[in-house]
Every structure is written in structure tokens, then in C-alpha cells.
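Shown next: input-v3.tsv, containing TSV, C-alpha atoms.
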chain	number	residue	atom	x	y	z
T	13	MET	CA	-36.07	11.41	109.18
T	14	ARG	CA	-37.10	8.06	107.68
T	15	ARG	CA	-40.64	8.61	108.97
T	16	ARG	CA	-40.83	12.11	107.54
T	17	LEU	CA	-39.59	11.27	104.04
T	18	PRO	CA	-42.80	9.56	102.85
T	19	TRP	CA	-44.88	12.50	104.08
T	20	ALA	CA	-42.55	14.95	102.32
T	21	LEU	CA	-42.81	12.98	99.07
T	22	ALA	CA	-46.58	12.68	99.50
T	23	ALA	CA	-46.82	16.47	99.81
T	24	LEU	CA	-45.02	17.03	96.47
T	25	PRO	CA	-48.25	17.38	94.43
T	26	MET	CA	-49.10	20.45	96.53
T	27	LEU	CA	-46.41	22.22	94.49
T	28	LEU	CA	-48.71	21.94	91.47
T	29	TRP	CA	-50.82	24.71	93.04
T	30	ILE	CA	-47.94	27.04	92.09
T	31	ALA	CA	-48.90	28.03	88.56
T	32	PRO	CA	-45.40	28.94	87.25
T	33	LEU	CA	-44.02	25.60	88.45
T	34	ARG	CA	-46.95	23.75	86.93
T	35	HIS	CA	-46.40	25.62	83.68
T	36	LEU	CA	-42.69	24.77	83.77
T	37	LEU	CA	-43.50	21.06	84.06
T	38	GLU	CA	-46.32	21.01	81.53
T	39	SER	CA	-45.13	23.43	78.86
T	40	ARG	CA	-42.85	20.75	77.44
T	41	MET	CA	-43.76	17.17	76.68
T	42	LEU	CA	-40.82	15.44	78.32
T	43	PRO	CA	-41.19	16.89	81.83
T	44	HIS	CA	-44.96	16.55	81.55
T	45	MET	CA	-44.92	12.83	80.79
T	46	LEU	CA	-41.66	11.69	82.30
T	47	ILE	CA	-41.28	13.88	85.38
T	48	GLU	CA	-44.70	15.12	86.47
T	49	LEU	CA	-46.65	11.88	86.01
T	50	PRO	CA	-44.00	9.63	87.63
T	51	LEU	CA	-43.65	12.13	90.50
T	52	LEU	CA	-47.38	12.01	91.13
T	53	PHE	CA	-47.12	8.22	91.15
T	54	VAL	CA	-44.21	8.32	93.61
T	55	ALA	CA	-46.13	10.79	95.79
T	56	GLY	CA	-49.09	8.39	95.86
T	57	TRP	CA	-46.78	5.50	96.72
T	58	ALA	CA	-45.23	7.56	99.55
T	59	LEU	CA	-48.67	8.60	100.80
T	60	ALA	CA	-49.77	4.97	100.98
T	61	ARG	CA	-46.57	4.10	102.81
T	62	ALA	CA	-47.08	6.91	105.30
T	63	LEU	CA	-50.70	5.96	105.91
T	64	GLY	CA	-49.95	2.26	106.26
T	65	PRO	CA	-52.72	-0.38	106.00
T	66	ARG	CA	-55.42	2.33	106.01
T	67	ALA	CA	-54.48	3.22	102.42
T	68	ARG	CA	-54.95	-0.32	101.09
T	69	LEU	CA	-58.01	-1.49	99.23
T	70	PRO	CA	-60.06	-4.06	101.21
T	71	VAL	CA	-58.57	-7.42	100.39
T	72	VAL	CA	-62.04	-8.79	99.69
T	73	ILE	CA	-62.09	-6.81	96.41
T	74	ASP	CA	-58.34	-6.81	95.82
T	75	ALA	CA	-57.31	-10.45	96.05
T	76	HIS	CA	-53.81	-10.86	94.57
T	77	GLY	CA	-53.74	-7.08	94.13
T	78	LEU	CA	-55.84	-7.44	90.98
T	79	LEU	CA	-58.07	-4.39	91.44
T	80	GLY	CA	-55.30	-1.97	92.41
T	81	LEU	CA	-53.01	-3.15	89.62
T	82	THR	CA	-55.85	-2.93	87.09
T	83	TRP	CA	-56.23	0.71	88.10
T	84	VAL	CA	-52.49	1.33	87.67
T	85	SER	CA	-52.53	-0.28	84.20
T	86	ALA	CA	-55.62	1.64	83.14
T	87	VAL	CA	-54.26	5.00	84.28
T	88	SER	CA	-50.95	4.36	82.51
T	89	ALA	CA	-52.77	3.38	79.31
T	90	LEU	CA	-55.17	6.30	79.39
T	91	TRP	CA	-52.39	8.87	79.76
T	92	MET	CA	-50.47	7.47	76.82
T	93	ILE	CA	-53.26	8.72	74.53
T	94	PRO	CA	-51.96	11.93	72.93
T	95	SER	CA	-55.32	13.73	73.10
T	96	MET	CA	-55.39	13.25	76.88
T	97	LEU	CA	-52.21	15.28	77.28
T	98	ASP	CA	-53.64	18.15	75.23
T	99	LEU	CA	-57.02	17.99	76.93
T	100	SER	CA	-55.42	18.06	80.38
T	101	LEU	CA	-53.80	21.37	79.43
T	102	LEU	CA	-56.97	22.87	77.99
T	103	ASP	CA	-59.60	21.59	80.42
T	104	ILE	CA	-59.03	22.23	84.13
T	105	ARG	CA	-61.31	19.33	85.13
T	106	LEU	CA	-59.17	16.86	83.21
T	107	GLN	CA	-56.05	18.47	84.59
T	108	TRP	CA	-57.08	17.74	88.19
T	109	ALA	CA	-58.46	14.33	87.20
T	110	LYS	CA	-54.99	13.55	85.87
T	111	TYR	CA	-53.30	14.55	89.14
T	112	LEU	CA	-55.77	12.53	91.19
T	113	ALA	CA	-55.63	9.47	88.91
T	114	TRP	CA	-51.82	9.27	89.03
T	115	LEU	CA	-51.70	9.91	92.77
T	116	LEU	CA	-54.23	7.12	93.32
T	117	ALA	CA	-52.25	4.89	90.95
T	118	GLY	CA	-49.26	5.28	93.29
T	119	VAL	CA	-51.44	4.55	96.32
T	120	ALA	CA	-52.95	1.50	94.60
T	121	ALA	CA	-49.57	0.16	93.47
T	122	ARG	CA	-48.12	0.41	96.99
T	123	GLY	CA	-51.10	-1.41	98.46
T	124	SER	CA	-51.65	-4.01	95.76
T	125	LEU	CA	-48.21	-4.97	94.48
T	126	PRO	CA	-47.20	-6.74	97.71
T	127	ARG	CA	-50.44	-8.73	97.52
T	128	ALA	CA	-49.65	-9.92	94.02
T	129	GLY	CA	-47.78	-13.14	93.53
T	130	ALA	CA	-44.88	-13.38	91.10
T	131	VAL	CA	-47.04	-14.25	88.12
T	132	VAL	CA	-49.69	-11.55	88.69
T	133	GLY	CA	-47.04	-8.94	89.44
T	134	VAL	CA	-45.01	-9.78	86.35
T	135	PHE	CA	-48.17	-9.86	84.22
T	136	PHE	CA	-49.07	-6.28	85.17
T	137	LEU	CA	-45.53	-4.90	85.15
T	138	GLY	CA	-44.88	-6.58	81.80
T	139	ASN	CA	-48.10	-5.16	80.39
T	140	ILE	CA	-47.21	-1.64	81.46
T	141	ALA	CA	-43.67	-2.00	80.09
T	142	TRP	CA	-45.00	-3.27	76.76
T	143	MET	CA	-47.51	-0.44	76.59
T	144	LEU	CA	-44.92	2.24	77.35
T	145	ALA	CA	-42.58	0.76	74.75
T	146	THR	CA	-45.35	0.75	72.12
T	147	ALA	CA	-46.25	4.35	72.90
T	148	GLY	CA	-42.56	5.29	72.88
T	149	LEU	CA	-42.04	3.79	69.44
T	150	LEU	CA	-45.19	5.48	68.10
T	151	PHE	CA	-44.08	8.84	69.47
T	152	GLN	CA	-40.73	8.44	67.71
T	153	GLU	CA	-42.11	7.17	64.41
T	154	ALA	CA	-45.10	9.50	63.95
T	155	PRO	CA	-44.31	11.90	61.12
T	156	GLN	CA	-46.57	14.60	62.55
T	157	ARG	CA	-47.14	16.17	65.93
T	158	LEU	CA	-49.47	13.99	67.98
T	159	CYS	CA	-50.15	16.77	70.50
T	160	VAL	CA	-51.03	20.30	69.41
T	161	SER	CA	-49.37	21.60	72.59
T	162	TYR	CA	-45.92	20.17	71.87
T	163	LEU	CA	-43.27	20.28	69.17
T	164	LEU	CA	-42.27	17.30	67.04
T	165	ASP	CA	-38.70	17.10	68.38
T	166	GLU	CA	-40.02	17.03	71.97
T	167	GLN	CA	-42.30	14.17	70.96
T	168	ILE	CA	-39.34	12.15	69.63
T	169	VAL	CA	-37.27	12.69	72.79
T	170	THR	CA	-40.28	11.81	74.96
T	171	GLY	CA	-40.70	8.62	72.93
T	172	GLN	CA	-37.09	7.70	73.76
T	173	GLY	CA	-37.78	8.44	77.42
T	174	LEU	CA	-40.83	6.18	77.38
T	175	ILE	CA	-38.67	3.36	76.01
T	176	PHE	CA	-36.25	3.96	78.89
T	177	PHE	CA	-39.10	3.68	81.41
T	178	ALA	CA	-40.36	0.54	79.62
T	179	VAL	CA	-36.94	-1.10	79.98
T	180	LEU	CA	-36.77	-0.05	83.63
T	181	ILE	CA	-40.19	-1.51	84.44
T	182	GLY	CA	-39.38	-4.62	82.38
T	183	ALA	CA	-36.22	-5.08	84.46
T	184	LEU	CA	-38.29	-4.73	87.66
T	185	ALA	CA	-40.64	-7.42	86.35
T	186	VAL	CA	-37.75	-9.80	85.65
T	187	ARG	CA	-36.26	-9.07	89.07
T	188	ARG	CA	-39.59	-9.85	90.67
T	189	LEU	CA	-39.87	-13.09	88.74
T	190	LEU	CA	-36.42	-14.22	89.83
T	191	ARG	CA	-36.90	-13.21	93.48
T	192	PRO	CA	-37.40	-16.19	95.79
T	193	ILE	CA	-40.84	-16.10	97.46
T	194	SER	CA	-40.51	-15.84	101.22
T	195	PRO	CA	-43.20	-17.34	103.46
T	196	ALA	CA	-44.03	-13.81	104.66
T	197	ASN	CA	-44.71	-12.66	101.10
T	198	ALA	CA	-46.73	-15.76	100.40
T	199	CYS	CA	-48.96	-15.07	103.42
T	200	ARG	CA	-49.54	-11.47	102.35
T	201	ALA	CA	-50.92	-12.72	99.05
T	202	LEU	CA	-53.69	-14.51	100.89
T	203	PRO	CA	-56.91	-12.85	102.06
T	204	ALA	CA	-57.40	-12.06	105.73
T	205	PRO	CA	-58.35	-15.12	107.79
T	206	ALA	CA	-61.75	-13.61	108.70
T	207	SER	CA	-62.84	-13.60	105.07
T	208	ALA	CA	-61.55	-17.09	104.38
T	209	GLU	CA	-64.55	-19.33	104.85
B	26	MET	CA	-57.95	-19.28	99.05
B	27	SER	CA	-61.71	-19.38	99.25
B	28	GLN	CA	-63.63	-18.58	96.08
B	29	ARG	CA	-65.66	-15.71	97.54
B	30	PRO	CA	-62.94	-13.02	97.76
B	31	LEU	CA	-61.71	-13.94	94.29
B	32	ALA	CA	-65.24	-13.73	92.89
B	33	LEU	CA	-65.76	-10.29	94.47
B	34	THR	CA	-62.36	-9.16	93.20
B	35	LEU	CA	-63.11	-10.36	89.69
B	36	PHE	CA	-66.45	-8.60	89.83
B	37	ALA	CA	-64.76	-5.34	90.95
B	38	VAL	CA	-62.02	-5.69	88.31
B	39	THR	CA	-64.61	-6.31	85.59
B	40	ALA	CA	-66.69	-3.31	86.70
B	41	LEU	CA	-63.60	-1.06	86.79
B	42	SER	CA	-62.39	-2.31	83.41
B	43	LEU	CA	-65.79	-1.76	81.80
B	44	ALA	CA	-66.01	1.75	83.27
B	45	LEU	CA	-62.56	2.62	81.96
B	46	VAL	CA	-63.24	1.13	78.52
B	47	ALA	CA	-66.45	3.21	78.35
B	48	LEU	CA	-64.53	6.33	79.42
B	49	SER	CA	-61.81	5.69	76.83
B	50	ALA	CA	-64.43	5.14	74.13
B	51	GLN	CA	-66.07	8.42	75.09
B	52	LEU	CA	-62.76	10.31	75.04
B	53	THR	CA	-61.66	8.88	71.67
B	54	ASN	CA	-65.01	8.96	69.85
B	55	GLY	CA	-65.33	5.19	69.91
B	56	PHE	CA	-61.60	4.42	69.69
B	57	THR	CA	-61.28	6.24	66.37
B	58	ARG	CA	-59.73	9.59	67.31
B	59	TRP	CA	-56.49	9.57	69.29
B	60	THR	CA	-55.29	13.14	68.87
B	61	PHE	CA	-56.78	16.44	69.94
B	62	GLU	CA	-56.73	17.72	66.36
B	63	ALA	CA	-58.75	14.71	65.15
B	64	LEU	CA	-61.30	15.24	67.94
B	65	ARG	CA	-61.48	18.95	67.07
B	66	ARG	CA	-62.20	18.20	63.42
B	67	ASP	CA	-64.85	15.70	64.43
B	68	ALA	CA	-66.47	18.32	66.63
B	69	ALA	CA	-66.44	20.75	63.70
B	70	THR	CA	-68.10	18.38	61.26
B	71	THR	CA	-70.89	17.72	63.75
B	72	GLY	CA	-71.43	21.40	64.58
B	73	ARG	CA	-70.15	21.14	68.17
B	74	LEU	CA	-67.50	23.85	67.78
B	75	SER	CA	-68.44	27.51	67.97
B	76	ALA	CA	-66.43	30.66	67.44
B	77	PRO	CA	-67.36	33.40	69.92
B	78	ALA	CA	-67.63	36.99	68.71
B	79	VAL	CA	-64.60	38.99	69.84
B	80	PRO	CA	-63.29	42.46	68.96
B	81	LEU	CA	-60.54	42.51	66.35
B	82	ARG	CA	-57.94	45.20	65.80
B	83	THR	CA	-57.24	45.71	62.10
B	84	ALA	CA	-54.96	48.08	60.20
B	85	ASN	CA	-57.94	50.43	59.95
B	86	GLY	CA	-59.09	50.36	63.58
B	87	VAL	CA	-61.10	48.12	65.89
B	88	THR	CA	-63.96	46.07	64.53
B	89	GLY	CA	-65.52	42.76	65.55
B	90	THR	CA	-65.53	39.27	64.16
B	91	PRO	CA	-68.01	39.30	61.28
B	92	TRP	CA	-70.12	36.65	63.01
B	93	PRO	CA	-72.86	36.40	64.23
B	94	ASN	CA	-75.08	38.05	61.64
B	95	ASP	CA	-78.14	37.26	59.53
B	96	THR	CA	-76.53	37.46	56.10
B	97	HIS	CA	-75.90	33.71	55.55
B	98	THR	CA	-72.34	34.59	54.67
B	99	VAL	CA	-69.79	31.85	55.24
B	100	TYR	CA	-66.26	32.67	56.39
B	101	LEU	CA	-63.03	30.87	55.66
B	102	VAL	CA	-60.93	31.63	58.72
B	103	ASP	CA	-57.23	30.96	59.26
B	104	PHE	CA	-54.90	31.73	62.15
B	105	ILE	CA	-51.58	33.37	61.38
B	106	TYR	CA	-48.86	35.59	62.78
B	107	THR	CA	-47.34	38.17	60.51
B	108	GLN	CA	-43.68	37.32	61.30
B	109	CYS	CA	-44.25	33.69	60.28
B	110	PRO	CA	-41.90	32.73	57.45
B	111	THR	CA	-43.50	29.39	56.58
B	112	ILE	CA	-47.07	28.14	56.85
B	113	CYS	CA	-48.72	31.55	57.29
B	114	GLN	CA	-47.13	32.78	54.07
B	115	ALA	CA	-48.39	29.65	52.33
B	116	LEU	CA	-51.85	30.27	53.81
B	117	GLY	CA	-51.62	33.87	52.64
B	118	GLY	CA	-50.76	32.65	49.14
B	119	GLU	CA	-53.75	30.29	49.06
B	120	TYR	CA	-56.01	33.04	50.40
B	121	THR	CA	-54.82	35.28	47.56
B	122	ARG	CA	-55.92	32.60	45.10
B	123	LEU	CA	-59.23	32.17	46.93
B	124	GLN	CA	-59.80	35.91	46.87
B	125	ARG	CA	-59.09	36.01	43.13
B	126	GLN	CA	-61.67	33.28	42.50
B	127	LEU	CA	-64.29	34.96	44.70
B	128	ARG	CA	-63.76	38.36	43.13
B	129	ALA	CA	-63.97	36.91	39.60
B	130	ARG	CA	-67.24	35.19	40.42
B	131	PHE	CA	-69.02	37.52	42.82
B	132	GLY	CA	-67.22	40.87	42.72
B	133	ALA	CA	-67.32	42.66	46.08
B	134	HIS	CA	-70.59	40.93	47.09
B	135	SER	CA	-69.28	37.46	47.71
B	136	PRO	CA	-71.31	35.15	49.97
B	137	VAL	CA	-67.99	33.66	51.09
B	138	ARG	CA	-65.48	35.91	52.86
B	139	LEU	CA	-61.97	35.43	54.10
B	140	VAL	CA	-60.79	36.15	57.65
B	141	SER	CA	-57.21	35.92	58.93
B	142	VAL	CA	-56.81	36.13	62.68
B	143	ALA	CA	-53.29	37.09	63.74
B	144	PHE	CA	-52.62	35.71	67.23
B	145	ASP	CA	-49.19	37.19	68.06
B	146	ARG	CA	-50.61	40.37	69.55
B	147	GLU	CA	-47.23	41.75	70.54
B	148	HIS	CA	-45.85	41.77	67.01
B	149	ASP	CA	-49.02	41.82	64.89
B	150	THR	CA	-49.33	45.59	65.03
B	151	PRO	CA	-51.59	47.53	62.63
B	152	THR	CA	-48.48	48.33	60.56
B	153	GLU	CA	-47.53	44.66	60.29
B	154	LEU	CA	-51.11	43.68	59.49
B	155	GLN	CA	-51.11	46.30	56.74
B	156	ALA	CA	-47.82	44.92	55.38
B	157	TYR	CA	-49.21	41.36	55.43
B	158	ALA	CA	-52.34	42.54	53.60
B	159	ARG	CA	-50.23	44.38	51.01
B	160	ARG	CA	-47.94	41.37	50.54
B	161	HIS	CA	-50.92	39.15	49.75
B	162	ARG	CA	-52.92	41.80	47.88
B	163	ALA	CA	-55.81	41.54	50.35
B	164	ASP	CA	-58.98	43.35	49.35
B	165	ASP	CA	-60.73	44.85	52.40
B	166	ALA	CA	-64.13	44.04	50.88
B	167	LEU	CA	-63.37	40.32	50.78
B	168	TRP	CA	-60.64	39.64	53.28
B	169	LEU	CA	-60.57	40.80	56.90
B	170	ILE	CA	-57.18	40.66	58.62
B	171	GLY	CA	-57.08	41.46	62.32
B	172	THR	CA	-55.72	40.52	65.69
B	173	PRO	CA	-57.86	40.03	68.82
B	174	ALA	CA	-58.13	43.44	70.49
B	175	SER	CA	-57.15	42.13	73.93
B	176	ALA	CA	-55.31	39.18	75.42
B	177	GLN	CA	-58.59	37.99	76.88
B	178	ALA	CA	-60.29	38.13	73.48
B	179	ALA	CA	-57.43	36.10	72.01
B	180	ASP	CA	-57.73	33.47	74.77
B	181	VAL	CA	-61.50	33.25	74.38
B	182	LEU	CA	-61.38	32.79	70.61
B	183	LEU	CA	-58.39	30.45	70.42
B	184	GLN	CA	-59.50	28.27	73.33
B	185	ALA	CA	-63.05	27.96	72.00
B	186	LEU	CA	-61.72	26.74	68.67
B	187	GLY	CA	-58.89	24.64	70.11
B	188	VAL	CA	-56.25	26.59	68.20
B	189	VAL	CA	-52.92	26.23	70.00
B	190	ALA	CA	-49.77	28.19	69.16
B	191	VAL	CA	-46.59	26.75	70.67
B	192	PRO	CA	-43.39	28.86	70.81
B	193	ASP	CA	-40.87	27.17	68.52
B	194	GLY	CA	-37.84	28.38	70.48
B	195	LEU	CA	-36.71	30.55	67.57
B	196	GLY	CA	-39.03	33.47	68.24
B	197	GLY	CA	-41.87	32.03	66.19
B	198	PHE	CA	-44.73	29.61	66.73
B	199	VAL	CA	-45.87	26.20	65.61
B	200	HIS	CA	-49.65	26.24	65.26
B	201	ASN	CA	-52.70	24.70	63.59
B	202	GLY	CA	-52.40	25.85	60.00
B	203	ALA	CA	-55.90	24.85	58.99
B	204	ILE	CA	-58.76	26.68	57.29
B	205	HIS	CA	-61.87	26.91	59.48
B	206	LEU	CA	-65.23	27.15	57.76
B	207	ILE	CA	-67.44	29.26	60.00
B	208	ASP	CA	-71.05	30.14	59.26
B	209	SER	CA	-72.84	33.42	60.02
B	210	HIS	CA	-73.90	32.11	63.46
B	211	GLY	CA	-70.30	31.45	64.43
B	212	THR	CA	-70.64	27.67	64.17
B	213	VAL	CA	-67.62	25.89	62.71
B	214	ARG	CA	-68.85	23.69	59.87
B	215	GLY	CA	-65.57	22.11	58.88
B	216	ILE	CA	-61.79	22.28	59.23
B	217	TYR	CA	-59.62	21.79	56.17
B	218	ASP	CA	-55.89	21.42	55.68
B	219	LEU	CA	-54.13	24.14	53.74
B	220	ASP	CA	-53.95	22.07	50.55
B	221	GLN	CA	-57.68	21.31	50.78
B	222	TRP	CA	-58.69	24.92	50.13
B	223	PRO	CA	-60.66	24.03	46.96
B	224	GLN	CA	-62.76	21.60	49.02
B	225	ALA	CA	-63.19	24.26	51.72
B	226	LEU	CA	-64.41	26.74	49.10
B	227	GLU	CA	-66.76	24.18	47.55
B	228	ARG	CA	-68.28	23.36	50.94
B	229	ALA	CA	-68.59	27.07	51.80
B	230	LEU	CA	-70.47	27.72	48.55
B	231	GLN	CA	-72.74	24.75	49.25
B	232	LEU	CA	-73.58	26.19	52.65
B	233	THR	CA	-74.50	29.54	51.12
B	234	GLY	CA	-76.75	27.77	48.63
B	235	THR	CA	-74.65	28.94	45.68
B	236	PRO	CA	-74.22	26.41	42.85
B	237	THR	CA	-70.59	25.21	42.75

Just dump the structure as C-alpha cells.
Amino acid sequence: MRRRLPWALAALPMLLWIAPLRHLLESRMLPHMLIELPLLFVAGWALARALGPRARLPVVIDAHGLLGLTWVSAVSALWMIPSMLDLSLLDIRLQWAKYLAWLLAGVAARGSLPRAGAVVGVFFLGNIAWMLATAGLLFQEAPQRLCVSYLLDEQIVTGQGLIFFAVLIGALAVRRLLRPISPANACRALPAPASAE
Amino acid sequence: MSQRPLALTLFAVTALSLALVALSAQLTNGFTRWTFEALRRDAATTGRLSAPAVPLRTANGVTGTPWPNDTHTVYLVDFIYTQCPTICQALGGEYTRLQRQLRARFGAHSPVRLVSVAFDREHDTPTELQAYARRHRADDALWLIGTPASAQAADVLLQALGVVAVPDGLGGFVHNGAIHLIDSHGTVRGIYDLDQWPQALERALQLTGTPT
């Protein structure tokens, strides 16, 4: 059962082929931003877990998890831009780019976060939390609709949800900072011996 | 840790960051436009937005969008639904004023015409279109009011122009309540807010070569 769960979670994005379900998730702002995107991320994370080391970036370009975590930050930032949400509903290429980007963000996070030390991990998690909080506040304060596809009251509720996610990720960052570093974790942060010259 | 993996990582991170910054700049017109509506208006001012010709059903039968043609007429186009109690009625009121100005200046041979596209095909029946026209004293010679003749025609027109109508949960819609300035080739030359209708008219007259 424990072996099957990651595969089951990884297969979740397949449900997006079902148009009515996709429409249900994307026709309102809150499920679009706060359910669909995090689920894609979780599916990517689960996929990386199921695939094991094969799903990790080569350590030679991902020392300290920097490349993978940069990707995660960039994807999070890009999909906080209101026009991206509208465009993903109106342009099928961007729609599938969104699915792929968030899935790969989950894969990258699973592979790169364990490589990151406390400081690097907290830097990226803190950055994402700060960014979500900023977007959340903007969504709540904007006097007009930021997305033509969504109503103003949905935007305000989504802004509150983004703040919730920001606090959650901020708490994870603090937890990571306070966690004692085990020798095993410390070793994983280092590159493979073959590349250490 | 040796310096080589870190150097390669930093190189990869820099390359990825630059690529993503370039992509973001492209998607936001140089970090200046953050909403779809702002991008749409930018596209209109630079002539990158075109209105396809689609059949329209009016109170008097089926006709087509007045564009494309060779008359150099410019059209002020809005998107409405006849059951709308708010912005569409305000748009209708401003169109009545526009029509009055055009008729006073040009009679029935105005180089600027008005078009209202009703997008709620289920409820915007010929009878309702007629009632809307009567309510706003629309003159057939100056003001065309119609709904796309098929669902496909509606999708084609609205998607091409980026006009989105969202159900408001009360049986109505929230939608772009802007005036689109469309030339005789179907190219959108500008998008103006409702209260900017004098500027929309001025620009339309400029495009027709008529002194303002």
C-alpha cells in the first residue's frame, strides 16, 4: 500500500484529461490556484518519490539543490501573475505548460530540497512564503478584478487562501531551521564522491 | 566541496533565471502589464487584435458583422446581454448619446457606426434585442444590435477579442464593459472604458479622416 500511494498521487494529473473535472477546478479562482496547482505539485513530488534517484537532477548542476529550488521559486512566482491564470484558460498551450511546470516543480522540490542545507532551504521556502503573502495581500486589496475569468469576491477569498499557504510554508521554513542536522543529511548535501576532485 | 560542481550549478541557475526573466518580460510586455485586460488593450493599440467576421442574428433577421468592407467606416463595438441591469444599461445610455451626436453631425451617413453584440444567446432573442433597441432609441441606420448566430460564432468572436463573460451566480454575467474601436478591416484600434466614450468617438473620427 505504501509503495502504491506515490504512484496513485503521481497519476492524479491524468484526471485533468476529464474536461468537466478540469472545468470544475478552473472555473473558480480558489480551486484553480489553491487546489489544482498544489495538487500538481504534490503529484510531482509523489512521482519523484516513486521514481527514486532517477528523478533527481544530476548533482553536478544541482549542488545544494540550487537549480531545482530555483525552478520551484520561478514557477511559483510566474503563476502568481494574474494574466497567467487568464491566459492558461484561454490558450491551450499555456494550459498544458502550467500542468507540466507545476508537476516538474514537485519533482524538483522532492529531489533538491534534501540536498539543500538549512540556510539554502530556508532561503527558498522563505522567499516563496513572502511571495505568496505579497500576492495574497494584493489579491485582497485590489479594488478591481485582476483576472477577467474570475469574480472580485473569489479574488479576495483566494488572497486569504494564499496568505494561509504563505504561513504554512513559513512555518515549514522555521521548522527546517530549528531541525538538528543529522550526519546523514549533511552527507546528502555534498556532491557525489566521483565529482569531488 | 570542490568548486567545480558549484560553478556548474551557478552557471545552470544563472541560465535558468535569465531564461525565466526573459519569459516573464515577454509575457508582461516588459514587466509593465500584469493583467490580461492590460495586455489586451496593449494588443489593441498596436493593431495586434482582430475581430473575425461572424454572422449576427438581429431583431430583423440574420446579417453579418459589418466588417470587413472597403468603406473606411469605423465601428464602436460593445458587448452586452439584454437582461443586464447594470453596466449594459449604462453602455446603452452612452450609446444613445453617441448616436445622438452622430446623427446631428452626419445624419444617416455617419462614418462612425455603433455595434452592440449581445453574448447571452439563450436569452438575447430577437424580441429582447428589439426591446433593448427600443429602450435605448437605437436607429437601425446607425446602430446594429445583434447576437452571434451560433454558439461557435460567439466563441470565435469573443475569444479572438479576449472578451470573457463570467456567470455572476445570480443569473447574470460579469464581463468586459469596454468600447472596442474596430476599423473596416476588422482590426481593433483601441479599447476604451465606458466613461471614455468621448475619447473613443474622437479617435474613431480621426481614423475616418473626419475633422474632430

- request: With a distance cut-off of 9 Å and only C-alpha atoms, select the neighbouring residues of Pro77 of chain B, excluding the residue or stretch itself and same-chain residues fewer than 3 positions from it, and output the selection as number ranges by chain.
  value: B: 90, 92-93, 181-182, 185-186, 211-212

message: Using only C-alpha atoms, I'd like every residue of chain T that has an atom within 9 Å of chain B; please write them out as a ChimeraX atom specification.
response: /T:39,71-80,82-83,86-87,90,93-99,102,158-163,202-203,207-209

task: Work out how far atom CA of Ser75 of chain B is from atom CA of Ala179 of chain B, in Å to one decimal.
output: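 Calculated distance between atom CA of Ala179 of chain B and atom CA of Ser75 of chain B is 14.5 Å.
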
How big is the axis-aligned box around all listed atoms of segment 130-136 of chain T once 6 Å goes on each side, and where's its centre, in Å to one decimal, as JSON?
{"center_x": -47.3, "center_y": -10.3, "center_z": 87.7, "size_x": 16.8, "size_y": 20.0, "size_z": 18.9}

task: Using only C-alpha atoms, pick whichever of B:Leu230, B:Ala84, B:Val137, B:Ala44 has the shortest atom-to-atom distance to Ala156 of chain B.
output: B:Ala84

message: With distances taken over only C-alpha atoms, which residue among T:Ala120, T:Ala145, T:Ile47, T:Ala109 lies nearest Pro65 of chain T?
response: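 For Pro65 of chain T, the nearest of the given residues is T:Ala120.
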
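Straight-line separation from atom CA of Ala23 of chain T to atom CA of Leu49 of chain T: 14.5 Å.
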
field: Shell around segment 128-130 of chain B at 12 Å using only C-alpha atoms, local window under 2 positions removed, as JSON, numbers by chain
entry: {"B": [120, 121, 122, 123, 124, 125, 126, 132, 133, 134, 135, 136, 137, 138, 139, 163, 164, 165, 166, 167, 168, 230, 235, 236, 237]}

field: For Ala89 of chain T: contacts at 9 Å, only C-alpha atoms, fewer than 5 positions along chain excluded, given as a PyMOL selection string
entry: chain T and resi 84+140+143-144

field: Protein and nucleic acid residues near (-54.5, 5.0, 91.5) (cut-off 12 Å, only C-alpha atoms) as a PyMOL selection string
entry: (chain T and resi 49+52-57+59-60+67-69+79-88+109-124) or (chain B and resi 41)
